[in-house]
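Engineer: Pasting upload-v1.cif here (mmCIF, C-alpha atoms):
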data_structure
#
loop_
_atom_site.group_PDB
_atom_site.id
_atom_site.type_symbol
_atom_site.label_atom_id
_atom_site.label_comp_id
_atom_site.auth_asym_id
_atom_site.auth_seq_id
_atom_site.Cartn_x
_atom_site.Cartn_y
_atom_site.Cartn_z
ATOM 1 C CA MET A 1 10.209 28.155 -9.905
ATOM 2 C CA ALA A 2 6.897 27.265 -11.517
ATOM 3 C CA VAL A 3 8.501 26.930 -14.956
ATOM 4 C CA ILE A 4 11.272 24.704 -13.624
ATOM 5 C CA THR A 5 8.751 22.517 -11.810
ATOM 6 C CA LEU A 6 6.585 22.273 -14.918
ATOM 7 C CA LEU A 7 9.548 21.292 -17.101
ATOM 8 C CA CYS A 8 10.737 18.660 -14.624
ATOM 9 C CA ARG A 9 7.319 17.082 -14.332
ATOM 10 C CA ALA A 10 6.416 17.358 -18.017
ATOM 11 C CA PHE A 11 9.739 15.917 -19.204
ATOM 12 C CA PHE A 12 8.148 12.555 -20.003
ATOM 13 C CA LEU A 13 5.101 14.121 -21.673
ATOM 14 C CA LEU A 14 6.920 16.451 -24.080
ATOM 15 C CA PRO A 15 8.511 13.969 -26.556
ATOM 16 C CA LYS A 16 6.371 12.921 -29.516
ATOM 17 C CA GLN A 17 7.718 9.353 -29.367
ATOM 18 C CA ASP A 18 8.009 6.976 -26.473
ATOM 19 C CA LEU A 19 11.338 7.125 -24.717
ATOM 20 C CA PRO A 20 13.359 3.945 -25.213
ATOM 21 C CA MET A 21 13.253 1.804 -22.111
ATOM 22 C CA PRO A 22 14.743 -1.651 -21.589
ATOM 23 C CA ARG A 23 12.261 -4.475 -21.192
ATOM 24 C CA TRP A 24 13.594 -5.401 -17.731
ATOM 25 C CA LEU A 25 13.013 -1.838 -16.494
ATOM 26 C CA ARG A 26 9.484 -1.722 -17.920
ATOM 27 C CA GLU A 27 8.694 -5.058 -16.234
ATOM 28 C CA GLY A 28 10.210 -3.898 -12.946
ATOM 29 C CA LEU A 29 8.165 -0.699 -12.924
ATOM 30 C CA ARG A 30 4.992 -2.770 -12.859
ATOM 31 C CA TYR A 31 5.769 -3.619 -9.234
ATOM 32 C CA ALA A 32 6.583 -0.074 -8.067
ATOM 33 C CA PRO A 33 3.074 0.784 -6.764
ATOM 34 C CA ILE A 34 2.852 -2.481 -4.811
ATOM 35 C CA ALA A 35 6.303 -1.946 -3.306
ATOM 36 C CA ALA A 36 5.467 1.639 -2.340
ATOM 37 C CA LEU A 37 2.212 0.568 -0.699
ATOM 38 C CA ALA A 38 3.958 -2.198 1.238
ATOM 39 C CA ALA A 39 6.639 0.255 2.375
ATOM 40 C CA VAL A 40 3.960 2.543 3.803
ATOM 41 C CA VAL A 41 1.603 -0.061 5.287
ATOM 42 C CA ALA A 42 4.034 -2.597 6.795
ATOM 43 C CA PRO A 43 5.666 -0.258 9.360
ATOM 44 C CA GLU A 44 2.233 0.998 10.391
ATOM 45 C CA LEU A 45 1.151 -2.585 11.117
ATOM 46 C CA VAL A 46 4.116 -3.714 13.187
ATOM 47 C CA MET A 47 5.302 -0.525 14.905
ATOM 48 C CA THR A 48 3.942 1.872 17.514
ATOM 49 C CA GLN A 49 5.750 5.094 18.409
ATOM 50 C CA GLY A 50 8.851 3.866 16.563
ATOM 51 C CA HIS A 51 9.071 0.530 18.405
ATOM 52 C CA LEU A 52 7.962 -2.929 17.357
ATOM 53 C CA ILE A 53 4.716 -4.045 18.942
ATOM 54 C CA ASP A 54 5.270 -6.470 21.772
ATOM 55 C CA THR A 55 1.841 -8.055 22.085
ATOM 56 C CA TRP A 56 -0.453 -10.048 19.837
ATOM 57 C CA ARG A 57 -3.405 -8.075 21.215
ATOM 58 C CA ASP A 58 -3.196 -5.367 18.585
ATOM 59 C CA ALA A 59 -6.290 -4.662 16.523
ATOM 60 C CA ARG A 60 -4.228 -3.639 13.478
ATOM 61 C CA ILE A 61 -2.824 -7.146 13.050
ATOM 62 C CA PHE A 62 -6.231 -8.795 13.136
ATOM 63 C CA GLY A 63 -7.685 -6.116 10.848
ATOM 64 C CA ALA A 64 -4.927 -6.739 8.307
ATOM 65 C CA LEU A 65 -5.403 -10.507 8.515
ATOM 66 C CA ALA A 66 -9.174 -10.150 8.093
ATOM 67 C CA GLY A 67 -8.669 -7.854 5.094
ATOM 68 C CA LEU A 68 -6.182 -10.283 3.564
ATOM 69 C CA ALA A 69 -8.580 -13.195 4.040
ATOM 70 C CA PHE A 70 -11.449 -11.206 2.522
ATOM 71 C CA TYR A 71 -9.351 -10.243 -0.490
ATOM 72 C CA ALA A 72 -8.293 -13.863 -1.025
ATOM 73 C CA TRP A 73 -11.962 -14.874 -0.874
ATOM 74 C CA ARG A 74 -13.677 -12.159 -2.955
ATOM 75 C CA ARG A 75 -10.921 -10.190 -4.793
ATOM 76 C CA SER A 76 -12.632 -6.894 -3.948
ATOM 77 C CA LEU A 77 -10.456 -3.942 -2.940
ATOM 78 C CA PHE A 78 -13.332 -1.952 -1.449
ATOM 79 C CA GLY A 79 -14.561 -4.987 0.500
ATOM 80 C CA THR A 80 -11.042 -5.583 1.781
ATOM 81 C CA ILE A 81 -10.836 -2.054 3.164
ATOM 82 C CA VAL A 82 -14.293 -2.257 4.739
ATOM 83 C CA CYS A 83 -13.674 -5.701 6.257
ATOM 84 C CA GLY A 84 -10.245 -4.830 7.689
ATOM 85 C CA THR A 85 -11.444 -1.528 9.081
ATOM 86 C CA ALA A 86 -14.567 -3.101 10.596
ATOM 87 C CA VAL A 87 -12.558 -5.809 12.371
ATOM 88 C CA MET A 88 -10.008 -3.298 13.641
ATOM 89 C CA LEU A 89 -12.643 -0.878 14.930
ATOM 90 C CA ALA A 90 -14.691 -3.668 16.490
ATOM 91 C CA LEU A 91 -11.665 -4.908 18.408
ATOM 92 C CA ARG A 92 -10.677 -1.416 19.474
ATOM 93 C CA PHE A 93 -14.120 -0.347 20.659
ATOM 94 C CA ALA A 94 -15.422 -3.673 21.982
ATOM 95 C CA LEU A 95 -12.279 -5.043 23.606
ATOM 96 C CA GLY A 96 -10.226 -1.881 24.037
ATOM 97 C CA TRP A 97 -7.267 -3.178 22.028
#
Would you write out, as structure tokens, the structure that this file holds?

Structural biologist:
Amino acid sequence: MAVITLLCRAFFLLPKQDLPMPRWLREGLRYAPIAALAAVVAPELVMTQGHLIDTWRDARIFGALAGLAFYAWRRSLFGTIVCGTAVMLALRFALGW
């Protein structure tokens, strides 16, 4: 099993030359990490226990909006995480959202 797993994962590392890849595929793969992140984060923002949230009083929404605004202002990934988390925790602890 270990050998099969190693061969499957090392398939792209074994050739001495780059594998031929169409330009459109190479360009499309640039967006794969962003799409994967959006696919993970978006449901967490708008759903609770498998159902859409039904109130605007949800700290996650305001945390995401604050993080988005901070990123648009400063272009700092770490600052975005800190700002969004701080807003979300402040609303949860202070207001009980």

Engineer: Applying the PyMOL selection byres ((chain A and resi 34-49) around 10) to the file I just gave you, which residues come out? Please list them as a PyMOL selection string.

Structural biologist: chain A and resi 29-33+50-54+58-64

Engineer: Please indicate the distance in Å from atom CA of Trp56 of chain A to atom CA of Ser76 of chain A, rounded to one decimal place.

Structural biologist: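 Separation between atom CA of Trp56 of chain A and atom CA of Ser76 of chain A: 26.9 Å.
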
Engineer: For Ala66 of chain A, find every residue with an atom within 7 Å (counting only C-alpha atoms), except residues of its own chain fewer than 3 positions away, and show them as a PyMOL selection string.

Structural biologist: chain A and resi 62-63+69-70+83-84+87

Engineer: Could you work out how far atom CA of Phe78 of chain A lies from atom CA of Arg26 of chain A, giving the answer in Å with one decimal?

Structural biologist: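 So the two atoms, atom CA of Arg26 of chain A and atom CA of Phe78 of chain A, lie 28.1 Å apart.
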
Engineer: How many Å lie between atom CA of Gly28 of chain A and atom CA of Ile4 of chain A, rounded to one decimal?

Structural biologist: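 Distance reported for this atom pair: 28.6 Å.
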
Engineer: Carefully work through the PyMOL selection byres ((chain A and resi 97) around 10) for this structure and note down the residues it includes, as a list in words.

Structural biologist: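 Output of the PyMOL selection byres ((chain A and resi 97) around 10): Trp56, Arg57, Asp58, Ala59, Arg60, Met88, Leu89, Ala90, Leu91, Arg92, Phe93, Ala94, Leu95 and Gly96 of chain A.
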
Engineer: Can you report as AutoDock Vina command-line options the centre and edge lengths in Å, to one decimal, of an axis-aligned box around the listed atoms of segment 13-29 of chain A padded with 6 Å on each side?

Structural biologist:
--center_x 9.9 --center_y 5.5 --center_z -21.2 --size_x 21.6 --size_y 33.9 --size_z 28.6

Engineer: Please output segment 36-62 of chain A, rebuilt to include N, CA and C atoms, as a PDB file, in the coordinates of the input.

Structural biologist:
ATOM      1  N   ALA A  36       5.674   0.398  -3.079  1.00  0.00           N
ATOM      2  CA  ALA A  36       5.467   1.639  -2.340  1.00  0.00           C
ATOM      3  C   ALA A  36       4.370   1.474  -1.292  1.00  0.00           C
ATOM      4  N   LEU A  37       3.292   0.801  -1.648  1.00  0.00           N
ATOM      5  CA  LEU A  37       2.212   0.568  -0.699  1.00  0.00           C
ATOM      6  C   LEU A  37       2.681  -0.298   0.467  1.00  0.00           C
ATOM      7  N   ALA A  38       3.431  -1.337   0.177  1.00  0.00           N
ATOM      8  CA  ALA A  38       3.958  -2.198   1.238  1.00  0.00           C
ATOM      9  C   ALA A  38       4.906  -1.422   2.146  1.00  0.00           C
ATOM     10  N   ALA A  39       5.701  -0.535   1.574  1.00  0.00           N
ATOM     11  CA  ALA A  39       6.639   0.255   2.375  1.00  0.00           C
ATOM     12  C   ALA A  39       5.921   1.219   3.309  1.00  0.00           C
ATOM     13  N   VAL A  40       4.728   1.632   2.951  1.00  0.00           N
ATOM     14  CA  VAL A  40       3.960   2.543   3.803  1.00  0.00           C
ATOM     15  C   VAL A  40       3.141   1.767   4.834  1.00  0.00           C
ATOM     16  N   VAL A  41       2.530   0.672   4.423  1.00  0.00           N
ATOM     17  CA  VAL A  41       1.603  -0.061   5.287  1.00  0.00           C
ATOM     18  C   VAL A  41       2.328  -0.944   6.306  1.00  0.00           C
ATOM     19  N   ALA A  42       3.368  -1.633   5.905  1.00  0.00           N
ATOM     20  CA  ALA A  42       4.034  -2.597   6.795  1.00  0.00           C
ATOM     21  C   ALA A  42       4.534  -1.964   8.100  1.00  0.00           C
ATOM     22  N   PRO A  43       5.248  -0.845   8.076  1.00  0.00           N
ATOM     23  CA  PRO A  43       5.666  -0.258   9.360  1.00  0.00           C
ATOM     24  C   PRO A  43       4.494   0.161  10.235  1.00  0.00           C
ATOM     25  N   GLU A  44       3.407   0.596   9.616  1.00  0.00           N
ATOM     26  CA  GLU A  44       2.233   0.998  10.391  1.00  0.00           C
ATOM     27  C   GLU A  44       1.603  -0.198  11.094  1.00  0.00           C
ATOM     28  N   LEU A  45       1.730  -1.381  10.514  1.00  0.00           N
ATOM     29  CA  LEU A  45       1.151  -2.585  11.117  1.00  0.00           C
ATOM     30  C   LEU A  45       1.973  -3.122  12.282  1.00  0.00           C
ATOM     31  N   VAL A  46       3.273  -3.033  12.197  1.00  0.00           N
ATOM     32  CA  VAL A  46       4.116  -3.714  13.187  1.00  0.00           C
ATOM     33  C   VAL A  46       4.811  -2.778  14.158  1.00  0.00           C
ATOM     34  N   MET A  47       4.613  -1.455  14.014  1.00  0.00           N
ATOM     35  CA  MET A  47       5.302  -0.525  14.905  1.00  0.00           C
ATOM     36  C   MET A  47       4.326   0.444  15.566  1.00  0.00           C
ATOM     37  N   THR A  48       4.675   0.844  16.786  1.00  0.00           N
ATOM     38  CA  THR A  48       3.942   1.872  17.514  1.00  0.00           C
ATOM     39  C   THR A  48       4.961   2.805  18.142  1.00  0.00           C
ATOM     40  N   GLN A  49       4.840   4.086  17.863  1.00  0.00           N
ATOM     41  CA  GLN A  49       5.750   5.094  18.409  1.00  0.00           C
ATOM     42  C   GLN A  49       7.220   4.756  18.123  1.00  0.00           C
ATOM     43  N   GLY A  50       7.478   4.172  16.963  1.00  0.00           N
ATOM     44  CA  GLY A  50       8.851   3.866  16.563  1.00  0.00           C
ATOM     45  C   GLY A  50       9.416   2.575  17.124  1.00  0.00           C
ATOM     46  N   HIS A  51       8.613   1.802  17.840  1.00  0.00           N
ATOM     47  CA  HIS A  51       9.071   0.530  18.405  1.00  0.00           C
ATOM     48  C   HIS A  51       8.176  -0.590  17.904  1.00  0.00           C
ATOM     49  N   LEU A  52       8.752  -1.775  17.768  1.00  0.00           N
ATOM     50  CA  LEU A  52       7.962  -2.929  17.357  1.00  0.00           C
ATOM     51  C   LEU A  52       6.919  -3.246  18.417  1.00  0.00           C
ATOM     52  N   ILE A  53       5.748  -3.680  17.976  1.00  0.00           N
ATOM     53  CA  ILE A  53       4.716  -4.045  18.942  1.00  0.00           C
ATOM     54  C   ILE A  53       5.163  -5.288  19.693  1.00  0.00           C
ATOM     55  N   ASP A  54       4.799  -5.367  20.940  1.00  0.00           N
ATOM     56  CA  ASP A  54       5.270  -6.470  21.772  1.00  0.00           C
ATOM     57  C   ASP A  54       4.137  -7.375  22.257  1.00  0.00           C
ATOM     58  N   THR A  55       2.961  -7.218  21.688  1.00  0.00           N
ATOM     59  CA  THR A  55       1.841  -8.055  22.085  1.00  0.00           C
ATOM     60  C   THR A  55       1.034  -8.463  20.867  1.00  0.00           C
ATOM     61  N   TRP A  56       0.403  -9.603  20.933  1.00  0.00           N
ATOM     62  CA  TRP A  56      -0.453 -10.048  19.837  1.00  0.00           C
ATOM     63  C   TRP A  56      -1.826  -9.393  19.925  1.00  0.00           C
ATOM     64  N   ARG A  57      -2.104  -8.737  21.031  1.00  0.00           N
ATOM     65  CA  ARG A  57      -3.405  -8.075  21.215  1.00  0.00           C
ATOM     66  C   ARG A  57      -3.393  -6.682  20.605  1.00  0.00           C
ATOM     67  N   ASP A  58      -3.186  -6.625  19.319  1.00  0.00           N
ATOM     68  CA  ASP A  58      -3.196  -5.367  18.585  1.00  0.00           C
ATOM     69  C   ASP A  58      -4.229  -5.485  17.469  1.00  0.00           C
ATOM     70  N   ALA A  59      -5.178  -4.583  17.472  1.00  0.00           N
ATOM     71  CA  ALA A  59      -6.290  -4.662  16.523  1.00  0.00           C
ATOM     72  C   ALA A  59      -5.828  -4.522  15.078  1.00  0.00           C
ATOM     73  N   ARG A  60      -4.716  -3.826  14.850  1.00  0.00           N
ATOM     74  CA  ARG A  60      -4.228  -3.639  13.478  1.00  0.00           C
ATOM     75  C   ARG A  60      -3.840  -4.959  12.832  1.00  0.00           C
ATOM     76  N   ILE A  61      -3.244  -5.843  13.595  1.00  0.00           N
ATOM     77  CA  ILE A  61      -2.824  -7.146  13.050  1.00  0.00           C
ATOM     78  C   ILE A  61      -4.038  -7.950  12.617  1.00  0.00           C
ATOM     79  N   PHE A  62      -5.035  -8.017  13.467  1.00  0.00           N
ATOM     80  CA  PHE A  62      -6.231  -8.795  13.136  1.00  0.00           C
ATOM     81  C   PHE A  62      -7.035  -8.143  12.014  1.00  0.00           C
TER      82      PHE A  62
END
